[in-house]
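Okay, query-v2.csv now, which holds CSV, N, CA and C atoms:
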```
chain,number,residue,atom,x,y,z
A,1,MET,N,2.1,-20.5,-11.8
A,1,MET,CA,1.5,-21.7,-11.1
A,1,MET,C,0.0,-21.5,-11.2
A,2,SER,N,-0.7,-22.6,-11.4
A,2,SER,CA,-2.1,-22.6,-11.6
A,2,SER,C,-2.9,-22.5,-10.2
A,3,SER,N,-4.2,-22.1,-10.3
A,3,SER,CA,-5.0,-22.0,-9.1
A,3,SER,C,-5.1,-23.4,-8.4
A,4,ILE,N,-5.1,-24.4,-9.2
A,4,ILE,CA,-5.2,-25.8,-8.6
A,4,ILE,C,-4.0,-26.0,-7.7
A,5,GLU,N,-2.8,-25.7,-8.2
A,5,GLU,CA,-1.6,-25.9,-7.4
A,5,GLU,C,-1.6,-25.0,-6.2
A,6,GLU,N,-2.1,-23.8,-6.4
A,6,GLU,CA,-2.1,-22.9,-5.2
A,6,GLU,C,-3.0,-23.5,-4.1
A,7,LYS,N,-4.2,-24.1,-4.5
A,7,LYS,CA,-5.1,-24.7,-3.5
A,7,LYS,C,-4.4,-25.9,-2.8
A,8,VAL,N,-3.7,-26.7,-3.6
A,8,VAL,CA,-3.1,-27.9,-3.0
A,8,VAL,C,-2.0,-27.4,-2.0
A,9,ILE,N,-1.2,-26.4,-2.4
A,9,ILE,CA,-0.1,-25.9,-1.5
A,9,ILE,C,-0.8,-25.3,-0.2
A,10,ALA,N,-1.8,-24.6,-0.4
A,10,ALA,CA,-2.5,-24.0,0.8
A,10,ALA,C,-3.0,-25.1,1.7
A,11,GLU,N,-3.5,-26.1,1.2
A,11,GLU,CA,-4.1,-27.2,2.0
A,11,GLU,C,-2.9,-28.0,2.7
A,12,ILE,N,-1.8,-28.2,2.0
A,12,ILE,CA,-0.7,-28.8,2.6
A,12,ILE,C,-0.1,-28.0,3.7
A,13,ARG,N,-0.1,-26.7,3.6
A,13,ARG,CA,0.4,-25.8,4.6
A,13,ARG,C,-0.5,-25.9,5.8
A,14,TRP,N,-1.8,-25.9,5.6
A,14,TRP,CA,-2.8,-26.0,6.7
A,14,TRP,C,-2.6,-27.3,7.4
A,15,ARG,N,-2.5,-28.4,6.7
A,15,ARG,CA,-2.3,-29.8,7.3
A,15,ARG,C,-1.0,-29.9,8.1
A,16,ALA,N,0.0,-29.2,7.6
A,16,ALA,CA,1.3,-29.2,8.3
A,16,ALA,C,1.2,-28.5,9.6
A,17,LYS,N,0.5,-27.4,9.6
A,17,LYS,CA,0.3,-26.6,10.9
A,17,LYS,C,-0.6,-27.4,11.8
A,18,LYS,N,-1.6,-28.0,11.3
A,18,LYS,CA,-2.5,-28.9,12.2
A,18,LYS,C,-1.7,-30.0,12.7
A,19,GLY,N,-0.9,-30.7,11.9
A,19,GLY,CA,-0.1,-31.8,12.4
A,19,GLY,C,0.9,-31.4,13.4
A,20,GLU,N,1.6,-30.3,13.3
A,20,GLU,CA,2.5,-29.9,14.2
A,20,GLU,C,1.9,-29.5,15.6
A,21,ALA,N,0.7,-28.9,15.5
A,21,ALA,CA,0.0,-28.6,16.7
A,21,ALA,C,-0.5,-29.9,17.4
A,22,LYS,N,-0.9,-30.9,16.6
A,22,LYS,CA,-1.5,-32.1,17.2
A,22,LYS,C,-0.4,-33.0,17.7
A,23,TYR,N,0.7,-33.1,17.0
A,23,TYR,CA,1.8,-34.1,17.3
A,23,TYR,C,3.0,-33.5,17.9
A,24,GLY,N,3.1,-32.2,17.9
A,24,GLY,CA,4.3,-31.5,18.5
A,24,GLY,C,5.6,-31.7,17.7
A,25,THR,N,5.5,-32.0,16.4
A,25,THR,CA,6.7,-32.2,15.6
A,25,THR,C,6.3,-32.0,14.1
A,26,THR,N,7.3,-31.9,13.3
A,26,THR,CA,7.1,-31.7,11.9
A,26,THR,C,7.7,-32.9,11.1
A,27,MET,N,7.6,-32.8,9.8
A,27,MET,CA,8.2,-33.9,9.0
A,27,MET,C,9.7,-33.8,9.0
A,28,ASP,N,10.3,-32.8,9.6
A,28,ASP,CA,11.7,-32.7,9.8
A,28,ASP,C,12.2,-33.6,10.9
A,29,ARG,N,11.4,-34.3,11.6
A,29,ARG,CA,11.7,-35.1,12.7
A,29,ARG,C,12.7,-36.2,12.2
A,30,ASP,N,13.5,-36.7,13.1
A,30,ASP,CA,14.5,-37.7,12.8
A,30,ASP,C,14.5,-38.9,13.8
A,31,ASP,N,13.4,-39.0,14.4
A,31,ASP,CA,13.3,-40.1,15.4
A,31,ASP,C,12.7,-41.4,14.9
A,32,LEU,N,12.4,-41.5,13.6
A,32,LEU,CA,11.8,-42.7,13.0
A,32,LEU,C,12.8,-43.3,12.1
A,33,SER,N,12.8,-44.6,12.1
A,33,SER,CA,13.7,-45.4,11.2
A,33,SER,C,13.1,-45.4,9.8
A,34,PHE,N,13.9,-45.8,8.8
A,34,PHE,CA,13.4,-46.0,7.5
A,34,PHE,C,12.1,-46.9,7.4
A,35,ILE,N,12.2,-48.0,8.2
A,35,ILE,CA,11.1,-48.9,8.2
A,35,ILE,C,9.9,-48.3,8.8
A,36,GLU,N,10.0,-47.5,9.8
A,36,GLU,CA,8.9,-46.8,10.5
A,36,GLU,C,8.3,-45.8,9.5
A,37,TRP,N,9.1,-45.1,8.7
A,37,TRP,CA,8.5,-44.2,7.7
A,37,TRP,C,7.8,-45.0,6.6
A,38,VAL,N,8.3,-46.1,6.2
A,38,VAL,CA,7.6,-46.9,5.2
A,38,VAL,C,6.3,-47.4,5.8
A,39,GLN,N,6.3,-47.8,7.1
A,39,GLN,CA,5.1,-48.3,7.7
A,39,GLN,C,4.0,-47.1,7.7
A,40,HIS,N,4.4,-45.9,8.1
A,40,HIS,CA,3.5,-44.8,8.0
A,40,HIS,C,2.9,-44.6,6.6
A,41,LEU,N,3.8,-44.6,5.6
A,41,LEU,CA,3.3,-44.5,4.2
A,41,LEU,C,2.4,-45.6,3.9
A,42,LYS,N,2.7,-46.8,4.3
A,42,LYS,CA,1.8,-48.0,4.0
A,42,LYS,C,0.4,-47.7,4.6
A,43,GLU,N,0.4,-47.3,5.8
A,43,GLU,CA,-0.9,-47.0,6.5
A,43,GLU,C,-1.7,-45.9,5.8
A,44,GLU,N,-1.0,-44.9,5.4
A,44,GLU,CA,-1.7,-43.8,4.7
A,44,GLU,C,-2.2,-44.3,3.3
A,45,LEU,N,-1.5,-45.1,2.6
A,45,LEU,CA,-1.9,-45.6,1.4
A,45,LEU,C,-3.1,-46.6,1.5
A,46,MET,N,-3.1,-47.3,2.6
A,46,MET,CA,-4.2,-48.2,2.9
A,46,MET,C,-5.5,-47.4,3.1
A,47,ASP,N,-5.3,-46.3,3.9
A,47,ASP,CA,-6.5,-45.4,4.0
A,47,ASP,C,-7.0,-44.8,2.7
A,48,ALA,N,-6.0,-44.5,1.8
A,48,ALA,CA,-6.4,-44.0,0.5
A,48,ALA,C,-7.2,-45.0,-0.3
A,49,VAL,N,-6.8,-46.3,-0.2
A,49,VAL,CA,-7.5,-47.4,-0.9
A,49,VAL,C,-8.9,-47.5,-0.3
A,50,VAL,N,-9.1,-47.4,1.0
A,50,VAL,CA,-10.4,-47.4,1.6
A,50,VAL,C,-11.3,-46.3,1.1
A,51,TYR,N,-10.7,-45.1,1.0
A,51,TYR,CA,-11.5,-44.0,0.5
A,51,TYR,C,-11.8,-44.2,-1.0
A,52,ALA,N,-10.9,-44.8,-1.8
A,52,ALA,CA,-11.2,-45.1,-3.2
A,52,ALA,C,-12.3,-46.1,-3.3
A,53,GLN,N,-12.3,-47.1,-2.4
A,53,GLN,CA,-13.4,-48.1,-2.5
A,53,GLN,C,-14.8,-47.4,-2.1
A,54,LYS,N,-14.8,-46.5,-1.1
A,54,LYS,CA,-16.0,-45.8,-0.8
A,54,LYS,C,-16.5,-45.0,-2.0
A,55,ILE,N,-15.6,-44.3,-2.6
A,55,ILE,CA,-16.0,-43.5,-3.8
A,55,ILE,C,-16.6,-44.4,-4.9
A,56,LEU,N,-15.9,-45.6,-5.1
A,56,LEU,CA,-16.5,-46.5,-6.1
A,56,LEU,C,-17.9,-47.0,-5.7
A,57,GLU,N,-18.1,-47.3,-4.5
A,57,GLU,CA,-19.4,-47.7,-4.0
A,57,GLU,C,-20.4,-46.6,-4.1
A,58,TYR,N,-19.9,-45.3,-4.1
A,58,TYR,CA,-20.8,-44.2,-4.2
A,58,TYR,C,-20.8,-43.7,-5.6
A,59,SER,N,-20.8,-44.7,-6.5
A,59,SER,CA,-20.7,-44.4,-7.9
A,59,SER,C,-22.0,-43.8,-8.5
A,60,LEU,N,-22.0,-43.3,-9.7
A,60,LEU,CA,-23.2,-42.8,-10.3
A,60,LEU,C,-24.3,-43.9,-10.5
A,61,ASP,N,-23.9,-45.1,-10.5
A,61,ASP,CA,-24.8,-46.2,-10.6
A,61,ASP,C,-25.7,-46.3,-9.3
A,62,ALA,N,-25.0,-46.1,-8.2
A,62,ALA,CA,-25.7,-46.1,-6.9
A,62,ALA,C,-26.5,-44.8,-6.7
A,63,HIS,N,-26.1,-43.8,-7.3
A,63,HIS,CA,-26.8,-42.5,-7.2
A,63,HIS,C,-27.1,-41.9,-8.5
A,64,PRO,N,-28.1,-42.5,-9.2
A,64,PRO,CA,-28.4,-42.0,-10.6
A,64,PRO,C,-28.9,-40.6,-10.8
A,65,ASN,N,-29.4,-40.0,-9.7
A,65,ASN,CA,-29.9,-38.7,-9.8
A,65,ASN,C,-28.8,-37.6,-9.6
A,66,GLU,N,-27.6,-38.0,-9.3
A,66,GLU,CA,-26.5,-37.1,-9.2
A,66,GLU,C,-25.8,-36.9,-10.5
A,67,ASN,N,-25.6,-35.6,-10.8
A,67,ASN,CA,-24.8,-35.3,-12.0
A,67,ASN,C,-23.4,-35.1,-11.6
A,68,ILE,N,-22.4,-35.7,-12.3
A,68,ILE,CA,-21.0,-35.7,-11.9
A,68,ILE,C,-20.5,-34.2,-11.8
A,69,ARG,N,-21.0,-33.4,-12.7
A,69,ARG,CA,-20.6,-32.0,-12.6
A,69,ARG,C,-21.1,-31.3,-11.3
A,70,ASP,N,-22.3,-31.6,-10.9
A,70,ASP,CA,-22.8,-31.1,-9.6
A,70,ASP,C,-22.0,-31.6,-8.5
A,71,VAL,N,-21.6,-32.8,-8.5
A,71,VAL,CA,-20.8,-33.4,-7.4
A,71,VAL,C,-19.5,-32.7,-7.4
A,72,ALA,N,-18.8,-32.6,-8.5
A,72,ALA,CA,-17.5,-31.9,-8.6
A,72,ALA,C,-17.6,-30.5,-8.1
A,73,LYS,N,-18.6,-29.8,-8.5
A,73,LYS,CA,-18.8,-28.4,-8.1
A,73,LYS,C,-19.0,-28.3,-6.5
A,74,ALA,N,-19.8,-29.2,-6.0
A,74,ALA,CA,-20.0,-29.2,-4.6
A,74,ALA,C,-18.7,-29.5,-3.8
A,75,ALA,N,-17.9,-30.5,-4.3
A,75,ALA,CA,-16.7,-30.8,-3.7
A,75,ALA,C,-15.7,-29.6,-3.7
A,76,ASN,N,-15.7,-28.9,-4.8
A,76,ASN,CA,-14.8,-27.7,-4.8
A,76,ASN,C,-15.3,-26.6,-3.9
A,77,GLU,N,-16.6,-26.5,-3.7
A,77,GLU,CA,-17.1,-25.4,-2.9
A,77,GLU,C,-17.0,-25.8,-1.4
A,78,TYR,N,-16.8,-27.1,-1.1
A,78,TYR,CA,-16.7,-27.6,0.3
A,78,TYR,C,-15.5,-27.0,1.0
A,79,VAL,N,-14.4,-26.7,0.2
A,79,VAL,CA,-13.2,-26.2,0.8
A,79,VAL,C,-13.3,-24.7,0.7
A,80,ASP,N,-13.1,-23.9,1.7
A,80,ASP,CA,-13.0,-22.5,1.7
A,80,ASP,C,-11.6,-22.1,1.4
A,81,TYR,N,-11.2,-22.0,0.2
A,81,TYR,CA,-9.8,-21.8,-0.2
A,81,TYR,C,-9.3,-20.4,0.2
A,82,GLU,N,-10.2,-19.4,0.2
A,82,GLU,CA,-9.8,-18.1,0.6
A,82,GLU,C,-9.4,-18.1,2.1
A,83,LYS,N,-10.2,-18.8,2.9
A,83,LYS,CA,-9.9,-19.0,4.3
A,83,LYS,C,-8.6,-19.7,4.5
A,84,LEU,N,-8.4,-20.8,3.7
A,84,LEU,CA,-7.2,-21.6,3.7
A,84,LEU,C,-6.0,-20.8,3.4
A,85,LEU,N,-6.0,-20.0,2.4
A,85,LEU,CA,-4.9,-19.2,1.9
A,85,LEU,C,-4.5,-18.2,2.9
A,86,HIS,N,-5.4,-17.7,3.8
A,86,HIS,CA,-5.1,-16.6,4.7
A,86,HIS,C,-5.1,-17.1,6.2
A,87,LEU,N,-5.0,-18.3,6.5
A,87,LEU,CA,-4.9,-18.8,7.9
A,87,LEU,C,-3.6,-18.3,8.5
A,88,LYS,N,-3.7,-18.0,9.8
A,88,LYS,CA,-2.5,-17.6,10.5
A,88,LYS,C,-1.9,-18.9,11.0
A,89,ALA,N,-0.6,-18.9,11.2
A,89,ALA,CA,0.2,-20.1,11.6
A,89,ALA,C,-0.4,-20.8,12.8
A,90,CYS,N,-1.0,-20.0,13.7
A,90,CYS,CA,-1.5,-20.6,15.0
A,90,CYS,C,-2.9,-21.0,14.9
A,91,ASP,N,-3.6,-20.8,13.7
A,91,ASP,CA,-5.0,-21.0,13.6
A,91,ASP,C,-5.2,-22.5,13.1
A,92,THR,N,-4.9,-23.4,13.9
A,92,THR,CA,-5.0,-24.8,13.5
A,92,THR,C,-6.4,-25.4,13.9
A,93,ASP,N,-7.2,-24.6,14.7
A,93,ASP,CA,-8.5,-25.1,15.1
A,93,ASP,C,-9.5,-24.8,14.0
A,94,THR,N,-9.2,-23.9,13.1
A,94,THR,CA,-10.2,-23.6,12.0
A,94,THR,C,-10.0,-24.5,10.9
A,95,ASN,N,-11.0,-25.2,10.5
A,95,ASN,CA,-10.9,-26.2,9.5
A,95,ASN,C,-11.5,-25.5,8.2
A,96,PRO,N,-10.6,-25.4,7.2
A,96,PRO,CA,-11.1,-24.7,6.0
A,96,PRO,C,-12.0,-25.6,5.2
A,97,LEU,N,-12.2,-26.9,5.6
A,97,LEU,CA,-13.1,-27.8,4.9
A,97,LEU,C,-14.5,-27.7,5.4
A,98,SER,N,-14.7,-26.9,6.5
A,98,SER,CA,-16.1,-26.7,7.0
A,98,SER,C,-16.1,-25.4,7.8
A,99,ASP,N,-17.2,-25.0,8.3
A,99,ASP,CA,-17.4,-23.8,9.1
A,99,ASP,C,-17.2,-24.2,10.6
A,100,LYS,N,-17.1,-25.4,10.9
A,100,LYS,CA,-17.0,-25.9,12.3
A,100,LYS,C,-15.6,-25.9,12.8
A,101,LYS,N,-15.4,-25.8,14.1
A,101,LYS,CA,-14.1,-25.9,14.8
A,101,LYS,C,-13.8,-27.4,14.8
A,102,GLU,N,-12.5,-27.7,14.7
A,102,GLU,CA,-12.0,-29.0,14.9
A,102,GLU,C,-12.2,-29.5,16.3
A,103,THR,N,-12.6,-30.8,16.5
A,103,THR,CA,-12.9,-31.3,17.8
A,103,THR,C,-11.9,-32.4,18.1
A,104,GLU,N,-11.1,-32.8,17.2
A,104,GLU,CA,-10.1,-33.9,17.5
A,104,GLU,C,-8.8,-33.4,18.1
```

Let's see the structure in the file written out as structure tokens.
Amino acid sequence: MSSIEEKVIAEIRWRAKKGEAKYGTTMDRDDLSFIEWVQHLKEELMDAVVYAQKILEYSLDAHPNENIRDVAKAANEYVDYEKLLHLKACDTDTNPLSDKKETE
């Protein structure tokens, strides 16, 4: 497995722990109908489209002094993958995406 896949898996595990702590359930829940699951997916995809639009508006044309390699490097350094890979199951307050505690 590549380091990229390891990072994605670690982040999925962290998000699952955070979601269980926040919502008190996992994706193994069976209280939603097919339509409700599709609605959740639709809402998540709409969020993704909003993020994509923001990224497009934050294009290199809008920020000509930014080098795409610098932006990519900064994005990769934003996530503390070592912290993410070693989080304890109960450590849902620690956000590996920053040094700050979660407030939500």

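Pairwise distance (atom CA of His63 of chain A, atom CA of Asp47 of chain A) equals 23.4 Å.
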
Discussion item. One decimal, in Å: what's the spacing between atom C of Tyr51 of chain A and atom CA of Leu32 of chain A?
Written reply: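 Calculated distance between atom C of Tyr51 of chain A and atom CA of Leu32 of chain A is 27.5 Å.
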
Between atom CA of Glu20 of chain A and atom CA of Val49 of chain A, what distance in Å does the model show, to one decimal?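 Between these atoms lies a distance of 25.2 Å.
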